[in-house]
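Reviewing the structure listed below.
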Amino acid sequence: MEIDEIIRMLDEKTTAGVSRIKVLVDEEQSSEAVKEAYHHGRCDLGSPWADAKVGNCD
């Protein structure tokens with residue numbers, strides 16, 4: 001992807017009100033591959049808490 005296209009995508013997200021963006025780069029991934037994940041809470045995406053693999057302590 002061209003850097004200008006990436007900047008445009010990030011600008012669109014922030015303009016739409018997205019407050020947190022995490023960008024991961026994978027050199028082995030196809031250059032056209034883009035994956036987006038959304039989480040309603042503030043847990044990190046993919047963490048055991050966000051995936052409900054860890055319960056709350058009682």
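Identifiers in the structure tokens: chain A, B, ... in order shown; residue index from 1 per chain; ligand index from 1 in order shown.
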| Which residues come within 12 Å of A:Val34, counting only C-alpha atoms, excluding same-chain residues fewer than 2 positions away, as a PyMOL selection string? | chain A and resi 1+5-6+9+23-26+29-32+36-37
